$ cat structure-v1.pdb   # PDB, C-alpha atoms
ATOM      1  CA  GLN A   1     -45.964  48.677   5.652  1.00  0.00           C
ATOM      2  CA  LYS A   2     -44.056  46.339   3.341  1.00  0.00           C
ATOM      3  CA  GLU A   3     -44.384  47.064  -0.349  1.00  0.00           C
ATOM      4  CA  VAL A   4     -45.432  43.503  -1.174  1.00  0.00           C
ATOM      5  CA  GLU A   5     -47.084  41.338   1.454  1.00  0.00           C
ATOM      6  CA  GLN A   6     -47.823  37.650   1.463  1.00  0.00           C
ATOM      7  CA  ASN A   7     -48.985  35.285   4.163  1.00  0.00           C
ATOM      8  CA  SER A   8     -45.968  33.140   4.993  1.00  0.00           C
ATOM      9  CA  GLY A   9     -48.087  30.027   5.500  1.00  0.00           C
ATOM     10  CA  PRO A  10     -47.764  27.159   5.390  1.00  0.00           C
ATOM     11  CA  LEU A  11     -50.937  26.807   3.394  1.00  0.00           C
ATOM     12  CA  SER A  12     -51.930  23.173   3.572  1.00  0.00           C
ATOM     13  CA  VAL A  13     -54.390  21.749   1.029  1.00  0.00           C
ATOM     14  CA  PRO A  14     -55.388  18.198   0.140  1.00  0.00           C
ATOM     15  CA  GLU A  15     -54.465  16.750  -3.222  1.00  0.00           C
ATOM     16  CA  GLY A  16     -57.017  17.684  -5.863  1.00  0.00           C
ATOM     17  CA  ALA A  17     -58.195  20.835  -4.079  1.00  0.00           C
ATOM     18  CA  ILE A  18     -57.807  24.448  -5.196  1.00  0.00           C
ATOM     19  CA  ALA A  19     -54.940  26.330  -3.576  1.00  0.00           C
ATOM     20  CA  SER A  20     -55.404  30.087  -3.319  1.00  0.00           C
ATOM     21  CA  LEU A  21     -52.359  32.266  -2.773  1.00  0.00           C
ATOM     22  CA  ASN A  22     -52.751  35.962  -2.137  1.00  0.00           C
ATOM     23  CA  CYS A  23     -50.528  39.001  -2.408  1.00  0.00           C
ATOM     24  CA  THR A  24     -51.184  42.660  -1.646  1.00  0.00           C
ATOM     25  CA  TYR A  25     -49.071  45.597  -2.709  1.00  0.00           C
ATOM     26  CA  SER A  26     -48.787  49.203  -1.660  1.00  0.00           C
ATOM     27  CA  ASP A  27     -47.789  51.070  -4.849  1.00  0.00           C
ATOM     28  CA  ARG A  28     -51.026  51.973  -6.594  1.00  0.00           C
ATOM     29  CA  GLY A  29     -49.115  52.769  -9.781  1.00  0.00           C
ATOM     30  CA  SER A  30     -47.796  49.234 -10.199  1.00  0.00           C
ATOM     31  CA  GLN A  31     -48.588  47.775 -13.601  1.00  0.00           C
ATOM     32  CA  SER A  32     -46.967  44.361 -13.810  1.00  0.00           C
ATOM     33  CA  PHE A  33     -47.183  41.386 -11.494  1.00  0.00           C
ATOM     34  CA  PHE A  34     -45.333  38.104 -11.452  1.00  0.00           C
ATOM     35  CA  TRP A  35     -45.619  34.769  -9.680  1.00  0.00           C
ATOM     36  CA  TYR A  36     -42.535  32.663  -9.058  1.00  0.00           C
ATOM     37  CA  ARG A  37     -42.332  29.154  -7.644  1.00  0.00           C
ATOM     38  CA  GLN A  38     -39.359  28.109  -5.550  1.00  0.00           C
ATOM     39  CA  TYR A  39     -38.793  24.513  -4.590  1.00  0.00           C
ATOM     40  CA  SER A  40     -36.751  23.890  -1.471  1.00  0.00           C
ATOM     41  CA  GLY A  41     -33.071  24.296  -2.232  1.00  0.00           C
ATOM     42  CA  LYS A  42     -33.733  25.594  -5.736  1.00  0.00           C
ATOM     43  CA  SER A  43     -33.891  29.029  -7.321  1.00  0.00           C
ATOM     44  CA  PRO A  44     -37.158  30.803  -8.166  1.00  0.00           C
ATOM     45  CA  GLU A  45     -38.749  30.062 -11.535  1.00  0.00           C
ATOM     46  CA  LEU A  46     -41.297  32.273 -13.253  1.00  0.00           C
ATOM     47  CA  ILE A  47     -44.688  30.624 -13.651  1.00  0.00           C
ATOM     48  CA  MET A  48     -47.012  33.481 -14.578  1.00  0.00           C
ATOM     49  CA  PHE A  49     -47.283  37.196 -15.106  1.00  0.00           C
ATOM     50  CA  ILE A  50     -50.314  39.430 -15.379  1.00  0.00           C
ATOM     51  CA  TYR A  51     -50.709  43.048 -16.435  1.00  0.00           C
ATOM     52  CA  SER A  52     -54.455  43.600 -16.799  1.00  0.00           C
ATOM     53  CA  ASN A  53     -57.302  43.469 -14.329  1.00  0.00           C
ATOM     54  CA  GLY A  54     -59.152  40.191 -14.304  1.00  0.00           C
ATOM     55  CA  ASP A  55     -58.095  36.600 -14.711  1.00  0.00           C
ATOM     56  CA  LYS A  56     -55.345  34.995 -16.739  1.00  0.00           C
ATOM     57  CA  GLU A  57     -55.329  31.234 -17.076  1.00  0.00           C
ATOM     58  CA  ASP A  58     -52.457  28.926 -17.945  1.00  0.00           C
ATOM     59  CA  GLY A  59     -53.195  25.255 -17.484  1.00  0.00           C
ATOM     60  CA  ARG A  60     -53.986  24.581 -13.828  1.00  0.00           C
ATOM     61  CA  PHE A  61     -52.821  28.074 -12.845  1.00  0.00           C
ATOM     62  CA  THR A  62     -54.969  31.210 -12.811  1.00  0.00           C
ATOM     63  CA  ALA A  63     -53.637  34.620 -11.863  1.00  0.00           C
ATOM     64  CA  GLN A  64     -56.172  37.200 -10.728  1.00  0.00           C
ATOM     65  CA  LEU A  65     -55.497  40.915 -10.551  1.00  0.00           C
ATOM     66  CA  ASN A  66     -57.565  43.615  -8.900  1.00  0.00           C
ATOM     67  CA  LYS A  67     -55.748  46.937  -9.157  1.00  0.00           C
ATOM     68  CA  ALA A  68     -58.468  48.871  -7.343  1.00  0.00           C
ATOM     69  CA  SER A  69     -58.039  46.675  -4.274  1.00  0.00           C
ATOM     70  CA  GLN A  70     -54.306  46.277  -4.864  1.00  0.00           C
ATOM     71  CA  TYR A  71     -54.163  42.552  -4.708  1.00  0.00           C
ATOM     72  CA  VAL A  72     -53.053  39.765  -6.975  1.00  0.00           C
ATOM     73  CA  SER A  73     -53.719  36.112  -6.398  1.00  0.00           C
ATOM     74  CA  LEU A  74     -52.708  32.762  -7.811  1.00  0.00           C
ATOM     75  CA  LEU A  75     -55.113  29.846  -7.949  1.00  0.00           C
ATOM     76  CA  ILE A  76     -53.840  26.337  -8.483  1.00  0.00           C
ATOM     77  CA  ARG A  77     -56.552  23.899  -9.490  1.00  0.00           C
ATOM     78  CA  ASP A  78     -56.302  20.152  -8.911  1.00  0.00           C
ATOM     79  CA  SER A  79     -53.344  20.685  -6.594  1.00  0.00           C
ATOM     80  CA  GLN A  80     -50.682  18.006  -6.703  1.00  0.00           C
ATOM     81  CA  PRO A  81     -47.986  17.121  -4.155  1.00  0.00           C
ATOM     82  CA  SER A  82     -45.486  18.326  -6.767  1.00  0.00           C
ATOM     83  CA  ASP A  83     -46.957  21.826  -6.355  1.00  0.00           C
ATOM     84  CA  SER A  84     -45.582  21.935  -2.808  1.00  0.00           C
ATOM     85  CA  ALA A  85     -43.180  24.863  -2.864  1.00  0.00           C
ATOM     86  CA  THR A  86     -42.859  28.492  -1.841  1.00  0.00           C
ATOM     87  CA  TYR A  87     -44.675  30.924  -4.127  1.00  0.00           C
ATOM     88  CA  LEU A  88     -43.225  34.399  -4.484  1.00  0.00           C
ATOM     89  CA  CYS A  89     -45.223  37.374  -5.665  1.00  0.00           C
ATOM     90  CA  ALA A  90     -43.282  40.150  -7.420  1.00  0.00           C
ATOM     91  CA  VAL A  91     -44.546  43.603  -8.328  1.00  0.00           C
ATOM     92  CA  ARG A  92     -43.022  46.102 -10.708  1.00  0.00           C
ATOM     93  CA  VAL A  93     -42.636  49.539  -9.163  1.00  0.00           C
ATOM     94  CA  LEU A  94     -41.098  52.790 -10.316  1.00  0.00           C
ATOM     95  CA  SER A  95     -38.330  53.802  -7.936  1.00  0.00           C
ATOM     96  CA  GLY A  96     -35.535  56.304  -8.363  1.00  0.00           C
ATOM     97  CA  GLY A  97     -36.405  56.871 -11.995  1.00  0.00           C
ATOM     98  CA  TYR A  98     -36.405  53.288 -13.131  1.00  0.00           C
ATOM     99  CA  ASN A  99     -38.550  50.194 -12.815  1.00  0.00           C
ATOM    100  CA  LYS A 100     -37.674  47.384 -10.447  1.00  0.00           C
ATOM    101  CA  LEU A 101     -39.291  44.212  -9.159  1.00  0.00           C
ATOM    102  CA  ILE A 102     -40.142  44.030  -5.485  1.00  0.00           C
ATOM    103  CA  PHE A 103     -40.560  40.506  -4.147  1.00  0.00           C
ATOM    104  CA  GLY A 104     -42.791  39.373  -1.348  1.00  0.00           C
ATOM    105  CA  ALA A 105     -41.406  37.000   1.269  1.00  0.00           C
ATOM    106  CA  GLY A 106     -43.359  34.098  -0.200  1.00  0.00           C
ATOM    107  CA  THR A 107     -46.113  31.700   0.847  1.00  0.00           C
ATOM    108  CA  ARG A 108     -45.221  28.102   1.523  1.00  0.00           C
ATOM    109  CA  LEU A 109     -47.727  25.679   0.011  1.00  0.00           C
ATOM    110  CA  ALA A 110     -47.981  22.074   1.180  1.00  0.00           C
ATOM    111  CA  VAL A 111     -50.195  19.699  -0.815  1.00  0.00           C
ATOM    112  CA  HIS A 112     -50.812  16.473   1.062  1.00  0.00           C
ATOM    113  CA  PRO A 113     -51.978  13.209  -0.546  1.00  0.00           C
TER     114      PRO A 113
ATOM    115  CA  GLY B 114     -25.822  29.123 -22.549  1.00  0.00           C
ATOM    116  CA  ALA B 115     -29.560  28.664 -22.372  1.00  0.00           C
ATOM    117  CA  GLY B 116     -29.984  30.006 -18.866  1.00  0.00           C
ATOM    118  CA  VAL B 117     -28.289  32.049 -16.185  1.00  0.00           C
ATOM    119  CA  SER B 118     -25.229  30.311 -14.825  1.00  0.00           C
ATOM    120  CA  GLN B 119     -23.429  30.940 -11.572  1.00  0.00           C
ATOM    121  CA  SER B 120     -20.164  29.728 -10.144  1.00  0.00           C
ATOM    122  CA  PRO B 121     -19.158  28.256  -7.876  1.00  0.00           C
ATOM    123  CA  SER B 122     -22.282  26.369  -6.844  1.00  0.00           C
ATOM    124  CA  ASN B 123     -20.923  26.025  -3.325  1.00  0.00           C
ATOM    125  CA  LYS B 124     -18.259  27.995  -1.520  1.00  0.00           C
ATOM    126  CA  VAL B 125     -16.954  27.358   1.965  1.00  0.00           C
ATOM    127  CA  THR B 126     -14.585  29.952   3.340  1.00  0.00           C
ATOM    128  CA  GLU B 127     -13.078  31.045   6.600  1.00  0.00           C
ATOM    129  CA  LYS B 128     -14.119  34.196   8.361  1.00  0.00           C
ATOM    130  CA  GLY B 129     -12.075  37.145   7.180  1.00  0.00           C
ATOM    131  CA  LYS B 130     -11.318  35.789   3.716  1.00  0.00           C
ATOM    132  CA  ASP B 131     -12.475  37.452   0.498  1.00  0.00           C
ATOM    133  CA  VAL B 132     -14.750  35.635  -1.942  1.00  0.00           C
ATOM    134  CA  GLU B 133     -15.793  36.233  -5.540  1.00  0.00           C
ATOM    135  CA  LEU B 134     -19.043  34.962  -6.961  1.00  0.00           C
ATOM    136  CA  ARG B 135     -19.642  34.913 -10.685  1.00  0.00           C
ATOM    137  CA  CYS B 136     -22.799  35.273 -12.741  1.00  0.00           C
ATOM    138  CA  ASP B 137     -23.162  34.720 -16.473  1.00  0.00           C
ATOM    139  CA  PRO B 138     -26.559  36.039 -17.633  1.00  0.00           C
ATOM    140  CA  ILE B 139     -28.698  34.862 -20.509  1.00  0.00           C
ATOM    141  CA  SER B 140     -27.183  36.049 -23.764  1.00  0.00           C
ATOM    142  CA  GLY B 141     -28.674  39.382 -24.815  1.00  0.00           C
ATOM    143  CA  HIS B 142     -30.103  40.228 -21.413  1.00  0.00           C
ATOM    144  CA  THR B 143     -29.143  43.786 -20.579  1.00  0.00           C
ATOM    145  CA  ALA B 144     -30.250  43.805 -16.953  1.00  0.00           C
ATOM    146  CA  LEU B 145     -28.629  41.780 -14.186  1.00  0.00           C
ATOM    147  CA  TYR B 146     -29.519  41.507 -10.517  1.00  0.00           C
ATOM    148  CA  TRP B 147     -27.968  40.065  -7.400  1.00  0.00           C
ATOM    149  CA  TYR B 148     -30.057  38.838  -4.475  1.00  0.00           C
ATOM    150  CA  ARG B 149     -29.275  37.132  -1.211  1.00  0.00           C
ATOM    151  CA  GLN B 150     -31.476  34.529   0.437  1.00  0.00           C
ATOM    152  CA  SER B 151     -30.853  33.263   3.925  1.00  0.00           C
ATOM    153  CA  LEU B 152     -32.282  29.919   4.982  1.00  0.00           C
ATOM    154  CA  GLY B 153     -36.066  30.055   5.068  1.00  0.00           C
ATOM    155  CA  GLN B 154     -36.142  33.745   4.216  1.00  0.00           C
ATOM    156  CA  GLY B 155     -37.265  35.802   1.244  1.00  0.00           C
ATOM    157  CA  LEU B 156     -35.148  37.424  -1.431  1.00  0.00           C
ATOM    158  CA  GLU B 157     -32.983  40.324  -0.312  1.00  0.00           C
ATOM    159  CA  PHE B 158     -32.142  42.655  -3.200  1.00  0.00           C
ATOM    160  CA  LEU B 159     -28.471  43.618  -3.408  1.00  0.00           C
ATOM    161  CA  ILE B 160     -27.709  45.399  -6.673  1.00  0.00           C
ATOM    162  CA  TYR B 161     -29.053  45.980 -10.178  1.00  0.00           C
ATOM    163  CA  PHE B 162     -27.018  46.485 -13.356  1.00  0.00           C
ATOM    164  CA  GLN B 163     -28.282  47.944 -16.587  1.00  0.00           C
ATOM    165  CA  GLY B 164     -25.498  47.275 -19.045  1.00  0.00           C
ATOM    166  CA  ASN B 165     -22.276  47.954 -17.191  1.00  0.00           C
ATOM    167  CA  SER B 166     -23.648  50.599 -14.868  1.00  0.00           C
ATOM    168  CA  ALA B 167     -25.363  50.032 -11.554  1.00  0.00           C
ATOM    169  CA  PRO B 168     -28.206  52.508 -11.071  1.00  0.00           C
ATOM    170  CA  ASP B 169     -29.257  50.824  -7.854  1.00  0.00           C
ATOM    171  CA  LYS B 170     -26.747  49.658  -5.265  1.00  0.00           C
ATOM    172  CA  SER B 171     -29.078  50.348  -2.380  1.00  0.00           C
ATOM    173  CA  GLY B 172     -29.249  46.760  -1.216  1.00  0.00           C
ATOM    174  CA  LEU B 173     -25.551  46.186  -0.624  1.00  0.00           C
ATOM    175  CA  PRO B 174     -25.410  45.555   3.139  1.00  0.00           C
ATOM    176  CA  SER B 175     -22.001  47.122   3.805  1.00  0.00           C
ATOM    177  CA  ASP B 176     -18.886  48.432   2.086  1.00  0.00           C
ATOM    178  CA  ARG B 177     -17.462  44.917   2.246  1.00  0.00           C
ATOM    179  CA  PHE B 178     -19.771  44.086  -0.656  1.00  0.00           C
ATOM    180  CA  SER B 179     -19.052  45.236  -4.187  1.00  0.00           C
ATOM    181  CA  ALA B 180     -20.025  44.146  -7.663  1.00  0.00           C
ATOM    182  CA  GLU B 181     -18.983  44.867 -11.177  1.00  0.00           C
ATOM    183  CA  ARG B 182     -20.122  43.982 -14.625  1.00  0.00           C
ATOM    184  CA  THR B 183     -17.907  44.180 -17.658  1.00  0.00           C
ATOM    185  CA  GLY B 184     -18.784  44.011 -21.322  1.00  0.00           C
ATOM    186  CA  GLY B 185     -22.455  44.129 -20.434  1.00  0.00           C
ATOM    187  CA  SER B 186     -22.337  40.435 -19.639  1.00  0.00           C
ATOM    188  CA  VAL B 187     -20.591  38.616 -16.793  1.00  0.00           C
ATOM    189  CA  SER B 188     -20.862  40.036 -13.305  1.00  0.00           C
ATOM    190  CA  THR B 189     -18.782  39.411 -10.213  1.00  0.00           C
ATOM    191  CA  LEU B 190     -19.963  39.945  -6.657  1.00  0.00           C
ATOM    192  CA  THR B 191     -17.092  40.338  -4.217  1.00  0.00           C
ATOM    193  CA  ILE B 192     -17.381  40.045  -0.467  1.00  0.00           C
ATOM    194  CA  GLN B 193     -14.337  41.190   1.470  1.00  0.00           C
ATOM    195  CA  ARG B 194     -13.445  40.077   4.993  1.00  0.00           C
ATOM    196  CA  THR B 195     -16.343  37.650   5.105  1.00  0.00           C
ATOM    197  CA  GLN B 196     -18.373  37.297   8.291  1.00  0.00           C
ATOM    198  CA  GLN B 197     -20.516  34.393   9.447  1.00  0.00           C
ATOM    199  CA  GLU B 198     -23.658  36.431   8.839  1.00  0.00           C
ATOM    200  CA  ASP B 199     -22.727  36.547   5.143  1.00  0.00           C
ATOM    201  CA  SER B 200     -23.606  32.851   4.898  1.00  0.00           C
ATOM    202  CA  ALA B 201     -26.531  32.556   2.489  1.00  0.00           C
ATOM    203  CA  VAL B 202     -27.445  31.612  -1.050  1.00  0.00           C
ATOM    204  CA  TYR B 203     -26.510  34.339  -3.498  1.00  0.00           C
ATOM    205  CA  LEU B 204     -28.807  34.405  -6.501  1.00  0.00           C
ATOM    206  CA  CYS B 205     -28.249  36.167  -9.775  1.00  0.00           C
ATOM    207  CA  ALA B 206     -31.032  36.978 -12.231  1.00  0.00           C
ATOM    208  CA  SER B 207     -31.166  38.605 -15.629  1.00  0.00           C
ATOM    209  CA  SER B 208     -33.871  40.169 -17.737  1.00  0.00           C
ATOM    210  CA  LEU B 209     -34.164  41.180 -21.371  1.00  0.00           C
ATOM    211  CA  GLY B 210     -35.377  44.684 -20.696  1.00  0.00           C
ATOM    212  CA  GLY B 211     -34.714  47.093 -17.907  1.00  0.00           C
ATOM    213  CA  GLY B 212     -35.675  46.702 -14.305  1.00  0.00           C
ATOM    214  CA  GLY B 213     -39.225  45.502 -13.951  1.00  0.00           C
ATOM    215  CA  SER B 214     -39.152  42.950 -16.732  1.00  0.00           C
ATOM    216  CA  GLU B 215     -39.552  39.280 -15.897  1.00  0.00           C
ATOM    217  CA  GLN B 216     -36.380  38.010 -14.326  1.00  0.00           C
ATOM    218  CA  PHE B 217     -34.789  34.619 -14.840  1.00  0.00           C
ATOM    219  CA  PHE B 218     -32.739  33.224 -11.999  1.00  0.00           C
ATOM    220  CA  GLY B 219     -29.540  31.244 -11.917  1.00  0.00           C
ATOM    221  CA  PRO B 220     -29.055  28.241  -9.638  1.00  0.00           C
ATOM    222  CA  GLY B 221     -27.331  30.282  -6.970  1.00  0.00           C
ATOM    223  CA  THR B 222     -24.111  30.057  -5.018  1.00  0.00           C
ATOM    224  CA  ARG B 223     -24.345  28.689  -1.492  1.00  0.00           C
ATOM    225  CA  LEU B 224     -21.810  30.534   0.625  1.00  0.00           C
ATOM    226  CA  THR B 225     -20.805  29.178   4.014  1.00  0.00           C
ATOM    227  CA  VAL B 226     -18.517  31.225   6.214  1.00  0.00           C
ATOM    228  CA  LEU B 227     -16.956  29.218   9.024  1.00  0.00           C
TER     229      LEU B 227
END

$ encode --input "structure-v1.pdb" --output "structure tokens"
Amino acid sequence: QKEVEQNSGPLSVPEGAIASLNCTYSDRGSQSFFWYRQYSGKSPELIMFIYSNGDKEDGRFTAQLNKASQYVSLLIRDSQPSDSATYLCAVRVLSGGYNKLIFGAGTRLAVHP
Amino acid sequence: GAGVSQSPSNKVTEKGKDVELRCDPISGHTALYWYRQSLGQGLEFLIYFQGNSAPDKSGLPSDRFSAERTGGSVSTLTIQRTQQEDSAVYLCASSLGGGGSEQFFGPGTRLTVL
């Protein structure tokens, strides 16, 4: 089982809809979770992080964390074509005596007009 | 500079040659990471530096790959005797704290081995 799993997609949504991106992780002790967006041919950029159970909102983005079920999700409201990108989930784990980020393989989102 | 910088942005080399890729992290960031990303694939972790030491080299694919960091700042990733399968984008990231803090990525170096 991979440490961080994401559906590779593509997830296709119409413009204006809500896009829901999901990520599950295997390390129950993980405490910090990050969402990165990567446009084609570009490097990943951090868009949100979440540490506590529940929802965290930032503009059109909402991160949701459920530690009991070991999943974290990203909701994008009023999706725009400019949101089309690959979204990477990253989870902080303790390994070999220090913390590290483990990245999922990413979900490709396509928002069509 | 304001962000992580990497050089060169593109590198084309012949099979068997050595290459050096450079990363200049955000000023004050103590942690530095190298990743590799093949076309359409996820991030493959290579190595993590905390200061000048590398507590985690577990991702280096072979002994042809090495990295160093001097002065707690600039890092160089060296690939010896390059192979075609080394072709990928090599990404560097830095973070303010230790491993597990939010990482900020550079623009990457696209390596093509002919």

$ residues_near_point --input "structure-v1.pdb" --point "(-13.2, 30.2, 10.1)" --cutoff "12 Å" --atoms "only C-alpha atoms" --output "MDAnalysis selection string"
chainID B and resid 125:130 194:197 200 225:227

$ write_last_selection --input "structure-v1.pdb" --atoms "C-alpha atoms" --output "compact mmCIF listing (two decimals), in the frame of the given file"
# COMPACT_ATOMS: atom_id res chain seq x y z
CA VAL B 125 -16.95 27.36 1.96
CA THR B 126 -14.58 29.95 3.34
CA GLU B 127 -13.08 31.04 6.60
CA LYS B 128 -14.12 34.20 8.36
CA GLY B 129 -12.08 37.15 7.18
CA LYS B 130 -11.32 35.79 3.72
CA ARG B 194 -13.44 40.08 4.99
CA THR B 195 -16.34 37.65 5.11
CA GLN B 196 -18.37 37.30 8.29
CA GLN B 197 -20.52 34.39 9.45
CA SER B 200 -23.61 32.85 4.90
CA THR B 225 -20.80 29.18 4.01
CA VAL B 226 -18.52 31.22 6.21
CA LEU B 227 -16.96 29.22 9.02

$ interface_residues --input "structure-v1.pdb" --of "chain B" --to "chain A" --cutoff "10 Å" --atoms "only C-alpha atoms" --output "PyMOL selection string"
chain B and resi 150+152-158+161+168-169+202-206+211-221+223

$ residues_around --input "structure-v1.pdb" --residues "Gly210 in chain B" --least-positions-apart "3" --cutoff "7 Å" --atoms "all atoms listed in the file" --output "list in words"
His142, Thr143, Ala144 and Ser214 of chain B

$ atom_distance --input "structure-v1.pdb" --atom1 "CA of Ala85 in chain A" --atom2 "CA of Cys23 in chain A"
15.9 Å

$ resolve_selection --input "structure-v1.pdb" --expression "the PyMOL selection byres ((chain A and resi 15) around 9)" --output "VMD selection string"
chain A and resid 13 to 14 16 to 18 78 to 81 111 to 113

$ atom_distance --input "structure-v1.pdb" --atom1 "CA of Ser208 in chain B" --atom2 "CA of Asp27 in chain A"
21.9 Å

$ atom_distance --input "structure-v1.pdb" --atom1 "CA of Ser188 in chain B" --atom2 "CA of Asp176 in chain B"
17.6 Å

$ closest_residue --input "structure-v1.pdb" --among "A:Leu109, A:Ala68, A:Leu75, A:Ala63" --to "Tyr87 in chain A" --atoms "all atoms listed in the file"
A:Leu109

$ closest_residue --input "structure-v1.pdb" --among "B:Thr222, B:Ser151, B:Gly184, B:Ser171" --to "Glu198 in chain B" --atoms "only C-alpha atoms"
B:Ser151

$ residues_near_point --input "structure-v1.pdb" --point "(-57.4, 33.8, 0.2)" --cutoff "10 Å" --atoms "all atoms listed in the file" --output "JSON, numbers by chain"
{"A": [7, 19, 20, 21, 22, 23, 73, 74, 75]}

$ resolve_selection --input "structure-v1.pdb" --expression "the PyMOL selection byres ((chain B and resi 119) around 6)" --output "VMD selection string"
chain B and resid 118 120 135 to 136

$ write_last_selection --input "structure-v1.pdb" --atoms "C-alpha atoms" --output "PDB file, in the frame of the given file"
ATOM      1  CA  SER B 118     -25.229  30.311 -14.825  1.00  0.00           C
ATOM      2  CA  SER B 120     -20.164  29.728 -10.144  1.00  0.00           C
ATOM      3  CA  ARG B 135     -19.642  34.913 -10.685  1.00  0.00           C
ATOM      4  CA  CYS B 136     -22.799  35.273 -12.741  1.00  0.00           C
TER       5      CYS B 136
END

$ axis_aligned_box --input "structure-v1.pdb" --around "range 18-22 of chain A" --padding-each-side "3 Å" --output "JSON"
{"center_x": -55.1, "center_y": 30.2, "center_z": -3.7, "size_x": 11.4, "size_y": 17.5, "size_z": 9.1}

$ decode --input "structure-v1.pdb" --residues "range 71-83 of chain A" --atoms "N, CA, C and O atoms" --output "CSV table (one decimal), in the first residue's frame"
chain,number,residue,atom,x,y,z
A,71,TYR,N,-8.2,10.6,5.7
A,71,TYR,CA,-8.3,11.2,4.4
A,71,TYR,C,-8.3,12.7,4.5
A,71,TYR,O,-8.7,13.2,5.5
A,72,VAL,N,-7.8,13.3,3.4
A,72,VAL,CA,-7.8,14.7,3.3
A,72,VAL,C,-8.3,15.0,1.9
A,72,VAL,O,-8.0,14.3,1.0
A,73,SER,N,-9.1,16.1,1.8
A,73,SER,CA,-9.7,16.4,0.5
A,73,SER,C,-9.5,17.9,0.3
A,73,SER,O,-9.3,18.7,1.2
A,74,LEU,N,-9.6,18.2,-1.0
A,74,LEU,CA,-9.6,19.6,-1.4
A,74,LEU,C,-10.8,19.9,-2.3
A,74,LEU,O,-11.0,19.2,-3.3
A,75,LEU,N,-11.6,20.9,-1.9
A,75,LEU,CA,-12.8,21.3,-2.7
A,75,LEU,C,-12.4,22.6,-3.4
A,75,LEU,O,-11.9,23.5,-2.7
A,76,ILE,N,-12.8,22.7,-4.6
A,76,ILE,CA,-12.6,23.9,-5.4
A,76,ILE,C,-14.0,24.4,-5.8
A,76,ILE,O,-14.6,23.7,-6.7
A,77,ARG,N,-14.5,25.5,-5.3
A,77,ARG,CA,-15.8,26.0,-5.7
A,77,ARG,C,-15.7,26.8,-6.9
A,77,ARG,O,-14.6,27.4,-7.1
A,78,ASP,N,-16.8,26.9,-7.6
A,78,ASP,CA,-16.8,27.8,-8.8
A,78,ASP,C,-15.6,27.5,-9.7
A,78,ASP,O,-14.8,28.4,-10.0
A,79,SER,N,-15.4,26.3,-10.0
A,79,SER,CA,-14.2,25.9,-10.8
A,79,SER,C,-14.1,26.7,-12.1
A,79,SER,O,-15.0,27.0,-12.8
A,80,GLN,N,-12.8,27.1,-12.4
A,80,GLN,CA,-12.5,27.8,-13.6
A,80,GLN,C,-11.6,27.0,-14.4
A,80,GLN,O,-10.8,26.2,-13.9
A,81,PRO,N,-11.6,27.3,-15.8
A,81,PRO,CA,-10.6,26.6,-16.6
A,81,PRO,C,-9.2,26.8,-16.2
A,81,PRO,O,-8.3,25.9,-16.3
A,82,SER,N,-8.9,27.9,-15.5
A,82,SER,CA,-7.5,28.2,-15.0
A,82,SER,C,-7.2,27.3,-13.8
A,82,SER,O,-6.0,27.2,-13.4
A,83,ASP,N,-8.1,26.6,-13.3
A,83,ASP,CA,-7.9,25.6,-12.2
A,83,ASP,C,-7.4,24.3,-12.8
A,83,ASP,O,-6.9,23.4,-12.0
